[in-house]
>>> print(open('run.csv').read())   # CSV, C-alpha atoms
chain,number,residue,atom,x,y,z
A,1,MET,CA,0.0,0.0,0.0
A,2,LEU,CA,1.4,3.4,-1.0
A,3,GLU,CA,2.0,6.1,1.7
A,4,ALA,CA,-0.2,9.2,1.4
A,5,SER,CA,2.6,11.3,0.1
A,6,GLU,CA,3.5,8.8,-2.6
A,7,ARG,CA,-0.1,8.7,-3.8
A,8,LEU,CA,0.0,12.5,-3.8
A,9,TYR,CA,3.3,13.0,-5.6
A,10,GLY,CA,3.5,9.9,-7.6
A,11,HIS,CA,5.2,6.6,-6.6
A,12,GLY,CA,8.5,6.3,-8.4
A,13,VAL,CA,7.9,9.5,-10.4
A,14,SER,CA,10.2,12.5,-10.2
A,15,TYR,CA,8.6,15.5,-8.4
A,16,ARG,CA,10.2,18.2,-10.6
A,17,TYR,CA,9.1,21.2,-8.6
A,18,TRP,CA,10.6,20.0,-5.3
A,19,PRO,CA,12.9,17.0,-6.0
A,20,LEU,CA,13.7,16.5,-2.4
A,21,PHE,CA,10.4,14.6,-2.1
A,22,ASP,CA,11.9,11.8,-4.2
A,23,LEU,CA,15.0,11.5,-2.0
A,24,ARG,CA,15.3,8.2,-0.1
A,25,LEU,CA,17.8,6.8,2.5
A,26,SER,CA,17.7,3.2,3.6
A,27,THR,CA,19.6,1.3,6.4
A,28,PRO,CA,19.2,-2.3,7.3
A,29,ASP,CA,16.2,-1.6,9.5
A,30,LEU,CA,15.0,1.9,8.6
A,31,ARG,CA,13.6,3.9,5.7
A,32,LEU,CA,14.0,7.7,5.6
A,33,ARG,CA,12.3,10.2,3.3
A,34,PRO,CA,11.8,13.9,3.5
A,35,MET,CA,8.8,15.1,5.4
A,36,THR,CA,5.7,16.2,3.5
A,37,GLU,CA,2.4,17.9,4.3
A,38,ALA,CA,0.8,14.4,4.8
A,39,ASP,CA,3.2,13.7,7.6
A,40,LEU,CA,2.5,16.8,9.7
A,41,ALA,CA,-0.4,15.5,11.8
A,42,PRO,CA,1.0,12.0,12.4
A,43,ILE,CA,4.3,13.4,13.5
A,44,ALA,CA,2.6,16.0,15.8
A,45,ASP,CA,0.6,13.2,17.3
A,46,LEU,CA,3.7,11.2,18.0
A,47,LEU,CA,6.0,14.0,19.2
A,48,PRO,CA,7.4,13.0,22.6
A,49,ASP,CA,7.1,15.4,25.5
A,50,ASP,CA,10.8,15.5,26.1
A,51,VAL,CA,11.6,16.9,22.6
A,52,GLU,CA,12.7,20.6,23.0
A,53,GLN,CA,11.2,22.8,20.2
A,54,ASP,CA,12.5,26.0,18.6
A,55,PRO,CA,12.0,28.7,21.3
A,56,GLY,CA,12.0,31.3,18.4
A,57,LEU,CA,8.6,30.1,17.2
A,58,ALA,CA,5.3,31.5,18.6
A,59,ASN,CA,3.6,29.9,21.6
A,60,TYR,CA,-0.2,30.0,21.2
A,61,ASP,CA,-2.7,30.1,24.1
A,62,TYR,CA,-4.3,26.7,23.6
A,63,GLY,CA,-5.3,24.7,26.7
A,64,ASP,CA,-3.9,21.4,25.4
A,65,PRO,CA,-0.1,21.5,25.4
A,66,ARG,CA,0.0,18.9,22.7
A,67,VAL,CA,-1.9,21.2,20.4
A,68,ARG,CA,0.5,24.0,21.1
A,69,ARG,CA,3.5,21.7,20.4
A,70,GLY,CA,1.8,20.4,17.2
A,71,ILE,CA,1.4,23.9,15.9
A,72,VAL,CA,5.1,24.6,16.5
A,73,SER,CA,6.1,21.4,14.6
A,74,HIS,CA,3.9,22.5,11.7
A,75,GLN,CA,5.4,26.0,11.6
A,76,GLY,CA,8.9,24.5,11.8
A,77,TYR,CA,8.2,22.4,8.7
A,78,TRP,CA,6.8,25.3,6.7
A,79,ARG,CA,9.6,27.6,7.7
A,80,ALA,CA,12.3,25.1,6.7
A,81,TYR,CA,11.0,24.6,3.2
A,82,GLY,CA,9.7,28.2,2.7
A,83,THR,CA,13.1,29.7,3.5
A,84,TRP,CA,15.3,27.0,1.9
A,85,ARG,CA,18.3,28.3,0.0
A,86,PRO,CA,21.7,26.8,-0.7
A,87,GLU,CA,23.3,28.9,1.9
A,88,ALA,CA,20.9,27.8,4.7
A,89,TRP,CA,18.8,24.7,4.7
A,90,ARG,CA,17.2,22.3,7.1
A,91,LEU,CA,15.9,18.9,5.9
A,92,SER,CA,13.6,16.7,8.1
A,93,PHE,CA,13.3,13.0,7.3
A,94,VAL,CA,10.5,10.9,8.5
A,95,VAL,CA,12.0,7.7,9.9
A,96,ARG,CA,10.0,4.5,9.4
A,97,SER,CA,10.6,0.8,10.1
A,98,ALA,CA,10.9,-1.5,7.2
A,99,ALA,CA,7.3,-2.4,7.8
A,100,GLY,CA,6.2,1.3,7.4
A,101,GLU,CA,5.7,2.3,11.1
A,102,ILE,CA,6.7,5.9,11.9
A,103,LEU,CA,9.5,5.8,14.5
A,104,GLY,CA,10.7,9.4,14.6
A,105,VAL,CA,12.3,12.2,12.7
A,106,GLN,CA,15.9,12.8,11.7
A,107,GLU,CA,17.0,16.3,10.7
A,108,LEU,CA,20.1,17.5,8.7
A,109,GLU,CA,21.0,21.1,8.6
A,110,GLY,CA,23.6,23.2,6.7
A,111,ASN,CA,24.3,26.8,7.4
A,112,ASP,CA,26.6,28.7,4.9
A,113,PHE,CA,27.1,25.2,3.5
A,114,PRO,CA,28.7,26.1,0.2
A,115,ALA,CA,31.5,27.8,2.2
A,116,LEU,CA,31.7,25.9,5.4
A,117,ARG,CA,30.8,22.4,4.1
A,118,THR,CA,29.6,21.6,7.6
A,119,VAL,CA,26.3,20.0,8.7
A,120,ASP,CA,24.5,19.7,12.0
A,121,SER,CA,21.8,17.2,13.0
A,122,SER,CA,19.0,16.6,15.5
A,123,SER,CA,16.4,13.9,15.9
A,124,PHE,CA,13.8,12.2,18.0
A,125,LEU,CA,12.5,8.6,18.4
A,126,VAL,CA,9.2,7.6,19.9
A,127,ALA,CA,9.6,6.1,23.3
A,128,GLU,CA,8.8,2.5,22.1
A,129,ALA,CA,11.7,2.7,19.6
A,130,ARG,CA,14.4,3.8,22.0
A,131,GLY,CA,17.2,1.6,23.2
A,132,ARG,CA,17.3,-0.5,20.1
A,133,GLY,CA,20.2,1.1,18.3
A,134,LEU,CA,17.9,2.9,15.8
A,135,GLY,CA,19.2,6.3,16.8
A,136,LYS,CA,22.6,5.3,15.5
A,137,GLN,CA,21.2,4.0,12.2
A,138,MET,CA,19.1,7.1,11.4
A,139,ARG,CA,22.1,9.4,12.2
A,140,THR,CA,24.3,7.1,10.0
A,141,ALA,CA,21.8,7.5,7.2
A,142,VAL,CA,22.0,11.4,7.1
A,143,LEU,CA,25.8,11.4,7.6
A,144,ALA,CA,26.1,9.0,4.6
A,145,LEU,CA,24.1,11.6,2.6
A,146,ALA,CA,26.1,14.6,3.9
A,147,PHE,CA,29.5,13.1,3.4
A,148,GLY,CA,28.3,11.5,0.1
A,149,PRO,CA,27.0,13.6,-2.8
A,150,PRO,CA,27.2,17.0,-1.2
A,151,GLU,CA,30.7,16.2,0.0
A,152,ALA,CA,30.5,17.8,3.5
A,153,GLU,CA,33.9,18.2,5.2
A,154,ALA,CA,32.6,18.0,8.8
A,155,ALA,CA,29.5,17.2,10.9
A,156,ILE,CA,28.8,18.8,14.2
A,157,THR,CA,26.3,18.1,16.9
A,158,SER,CA,25.4,19.3,20.4
A,159,ALA,CA,23.6,17.8,23.4
A,160,TRP,CA,23.0,18.6,27.0
A,161,HIS,CA,25.6,17.0,29.3
A,162,ASP,CA,23.1,14.5,30.7
A,163,ASN,CA,21.7,13.4,27.3
A,164,HIS,CA,23.6,10.2,27.4
A,165,ALA,CA,21.7,8.6,24.5
A,166,SER,CA,22.6,11.3,22.0
A,167,LEU,CA,26.2,11.7,23.2
A,168,GLY,CA,26.6,7.9,23.0
A,169,VAL,CA,25.4,7.8,19.4
A,170,SER,CA,27.8,10.6,18.5
A,171,ARG,CA,30.8,8.8,20.1
A,172,ALA,CA,29.9,5.5,18.4
A,173,LEU,CA,29.9,7.2,15.0
A,174,GLY,CA,33.3,8.7,15.6
A,175,TYR,CA,32.5,12.3,16.7
A,176,ARG,CA,35.2,13.9,19.0
A,177,PRO,CA,34.7,16.5,21.7
A,178,ASN,CA,34.6,20.0,20.4
A,179,GLY,CA,34.2,22.1,23.6
A,180,GLU,CA,31.4,23.0,26.0
A,181,SER,CA,29.2,26.0,26.6
A,182,LEU,CA,26.5,27.3,28.9
A,183,HIS,CA,22.9,27.7,27.5
A,184,SER,CA,19.6,28.6,28.8
A,185,HIS,CA,17.6,25.4,29.5
A,186,PRO,CA,13.9,25.9,30.3
A,187,GLY,CA,14.0,27.1,33.9
A,188,LYS,CA,17.8,26.8,34.3
A,189,VAL,CA,21.3,27.3,32.8
A,190,ASP,CA,22.9,24.0,31.8
A,191,VAL,CA,26.0,22.7,30.1
A,192,MET,CA,25.9,21.9,26.4
A,193,LYS,CA,28.5,19.5,25.0
A,194,HIS,CA,29.7,20.0,21.4
A,195,MET,CA,31.1,17.3,19.2
A,196,ARG,CA,32.6,17.2,15.6
A,197,LEU,CA,33.2,14.5,13.0
A,198,LEU,CA,35.6,15.1,10.2
A,199,ARG,CA,35.1,13.7,6.6
A,200,ALA,CA,38.4,11.8,6.6
A,201,ASP,CA,37.5,10.0,9.9
A,202,TRP,CA,34.0,9.2,8.6
A,203,LEU,CA,35.3,7.7,5.3
A,204,ALA,CA,38.0,5.7,7.1
A,205,SER,CA,35.4,4.2,9.4
A,206,GLY,CA,33.3,2.7,6.6
A,207,ILE,CA,30.2,3.0,8.8
A,208,GLY,CA,28.1,4.4,6.0
A,209,ALA,CA,28.7,1.5,3.6
A,210,ALA,CA,25.3,-0.1,4.4
A,211,VAL,CA,23.3,3.1,3.6
A,212,GLU,CA,21.5,3.2,0.2
A,213,ILE,CA,20.9,6.7,-1.2
A,214,THR,CA,18.5,7.2,-4.1
A,215,GLY,CA,17.0,10.2,-5.8
A,216,PHE,CA,19.7,12.8,-5.0
A,217,ASP,CA,20.8,13.8,-8.5
A,218,PRO,CA,17.9,16.2,-9.2
A,219,CYS,CA,18.5,17.9,-5.8
A,220,TRP,CA,21.9,19.3,-6.7
A,221,PRO,CA,20.8,22.9,-7.4
A,222,LEU,CA,19.1,23.1,-4.0
A,223,PHE,CA,22.5,22.7,-2.3
A,224,GLY,CA,24.3,25.1,-4.5
A,225,PRO,CA,26.6,24.7,-7.6
A,226,SER,CA,29.7,24.4,-5.4
A,227,ALA,CA,28.2,21.3,-3.8
A,228,ARG,CA,28.7,19.3,-6.9
>>> encode(input="run.csv", output="structure tokens")
Amino acid sequence: MLEASERLYGHGVSYRYWPLFDLRLSTPDLRLRPMTEADLAPIADLLPDDVEQDPGLANYDYGDPRVRRGIVSHQGYWRAYGTWRPEAWRLSFVVRSAAGEILGVQELEGNDFPALRTVDSSSFLVAEARGRGLGKQMRTAVLALAFGPPEAEAAITSAWHDNHASLGVSRALGYRPNGESLHSHPGKVDVMKHMRLLRADWLASGIGAAVEITGFDPCWPLFGPSAR
């Protein structure tokens, strides 16, 4: 059975006006594809309470906090695609099991990418999917993309000092410590740990060999001519 977005955009047919919709990443256990309008409500319904959202987006006076968080997730999606340019982009992938169940979201972001060749990432998994090594697989998928066709030179990531799951995934993938900083955490000030992974280390590790990437060629112009 086709997903709603595939019925809308055409299964196996290039979506010429926004070719990102045809991009696919696959790992042994996961299937990743860019988020579409059809995904917004299901993702909002599944958004875990412990996922911190962009504090720069509006907070609306709805009684149900899940509705407020769902609105913010919708706005984040629209802003990412509506303001996309080669110099600053943010790509959200819906992460599904091989059977089609939505497990979470994996994001990849590039700021001043044609010049800096550096990507950042963030993600969440639903509670039922945690502790099974899937966080490592979904990060591996977007790193294989970043260090593959667009030829990124580095990947960075940050996590609160007590976010052991995220920091553990980063270490397992070869990231190295890249300093610490103090940030405002809702209700307190906390320590943010920064990590960095260099292209040479990623390629030497061979970790991304099991990731299959399809549908990227039509996306080149969205990442800038210097990305090719």
>>> closest_atom_pairs(input="run.csv", of="segment 16-64 of chain A", to="segment 87-96 of chain A", cutoff="8 Å", atoms="all atoms listed in the file", output="tab-separated table")
residue	atom	partner	partner_atom	distance
A:Leu30	CA	A:Arg96	CA	5.7
A:Arg31	CA	A:Arg96	CA	5.2
A:Leu32	CA	A:Val95	CA	4.7
A:Arg33	CA	A:Phe93	CA	5.0
A:Pro34	CA	A:Phe93	CA	4.2
A:Met35	CA	A:Phe93	CA	5.3
A:Asp39	CA	A:Val94	CA	7.9
>>> closest_residue(input="run.csv", among="A:Pro28, A:Ala98, A:Asp112, A:Pro42", to="Gly133 of chain A", atoms="only C-alpha atoms")
A:Pro28
>>> closest_atom_pairs(input="run.csv", of="segment 39-156 of chain A", to="segment 173-184 of chain A", cutoff="10 Å", atoms="all atoms listed in the file", output="tab-separated table")
residue	atom	partner	partner_atom	distance
A:Lys136	CA	A:Leu173	CA	7.6
A:Gln137	CA	A:Leu173	CA	9.7
A:Arg139	CA	A:Leu173	CA	8.6
A:Thr140	CA	A:Leu173	CA	7.5
A:Leu143	CA	A:Leu173	CA	9.4
A:Ala154	CA	A:Tyr175	CA	9.7
A:Ala155	CA	A:Tyr175	CA	8.2
A:Ile156	CA	A:Tyr175	CA	7.9
>>> closest_residue(input="run.csv", among="A:Pro65, A:Pro86, A:Pro221, A:Gly135", to="Glu109 of chain A", atoms="only C-alpha atoms")
A:Pro86
>>> closest_residue(input="run.csv", among="A:Trp202, A:Lys188, A:Ser121, A:Arg130", to="Ala159 of chain A", atoms="all atoms listed in the file")
A:Ser121
>>> residues_around(input="run.csv", residues="segment 77-79 of chain A", least_positions_apart="3", cutoff="9 Å", atoms="only C-alpha atoms", output="ChimeraX atom specification")
/A:35-37,40,72-74,82-84,91-92
>>> write_last_selection(input="run.csv", atoms="C-alpha atoms", output="mmCIF file, in the coordinates of the input")
data_model
loop_
_atom_site.group_PDB
_atom_site.id
_atom_site.type_symbol
_atom_site.label_atom_id
_atom_site.label_comp_id
_atom_site.auth_asym_id
_atom_site.auth_seq_id
_atom_site.Cartn_x
_atom_site.Cartn_y
_atom_site.Cartn_z
ATOM 1 C CA MET A 35 8.800 15.100 5.400
ATOM 2 C CA THR A 36 5.700 16.200 3.500
ATOM 3 C CA GLU A 37 2.400 17.900 4.300
ATOM 4 C CA LEU A 40 2.500 16.800 9.700
ATOM 5 C CA VAL A 72 5.100 24.600 16.500
ATOM 6 C CA SER A 73 6.100 21.400 14.600
ATOM 7 C CA HIS A 74 3.900 22.500 11.700
ATOM 8 C CA GLY A 82 9.700 28.200 2.700
ATOM 9 C CA THR A 83 13.100 29.700 3.500
ATOM 10 C CA TRP A 84 15.300 27.000 1.900
ATOM 11 C CA LEU A 91 15.900 18.900 5.900
ATOM 12 C CA SER A 92 13.600 16.700 8.100
#
>>> closest_residue(input="run.csv", among="A:Ser170, A:Asn163, A:Gln75, A:Thr118", to="Phe147 of chain A", atoms="all atoms listed in the file")
A:Thr118
>>> closest_residue(input="run.csv", among="A:Leu203, A:Ala152, A:Leu108, A:Leu145", to="Asp217 of chain A", atoms="all atoms listed in the file")
A:Leu145
>>> atom_distance(input="run.csv", atom1="atom CA of Gly70 of chain A", atom2="atom CA of Glu128 of chain A")
19.8 Å
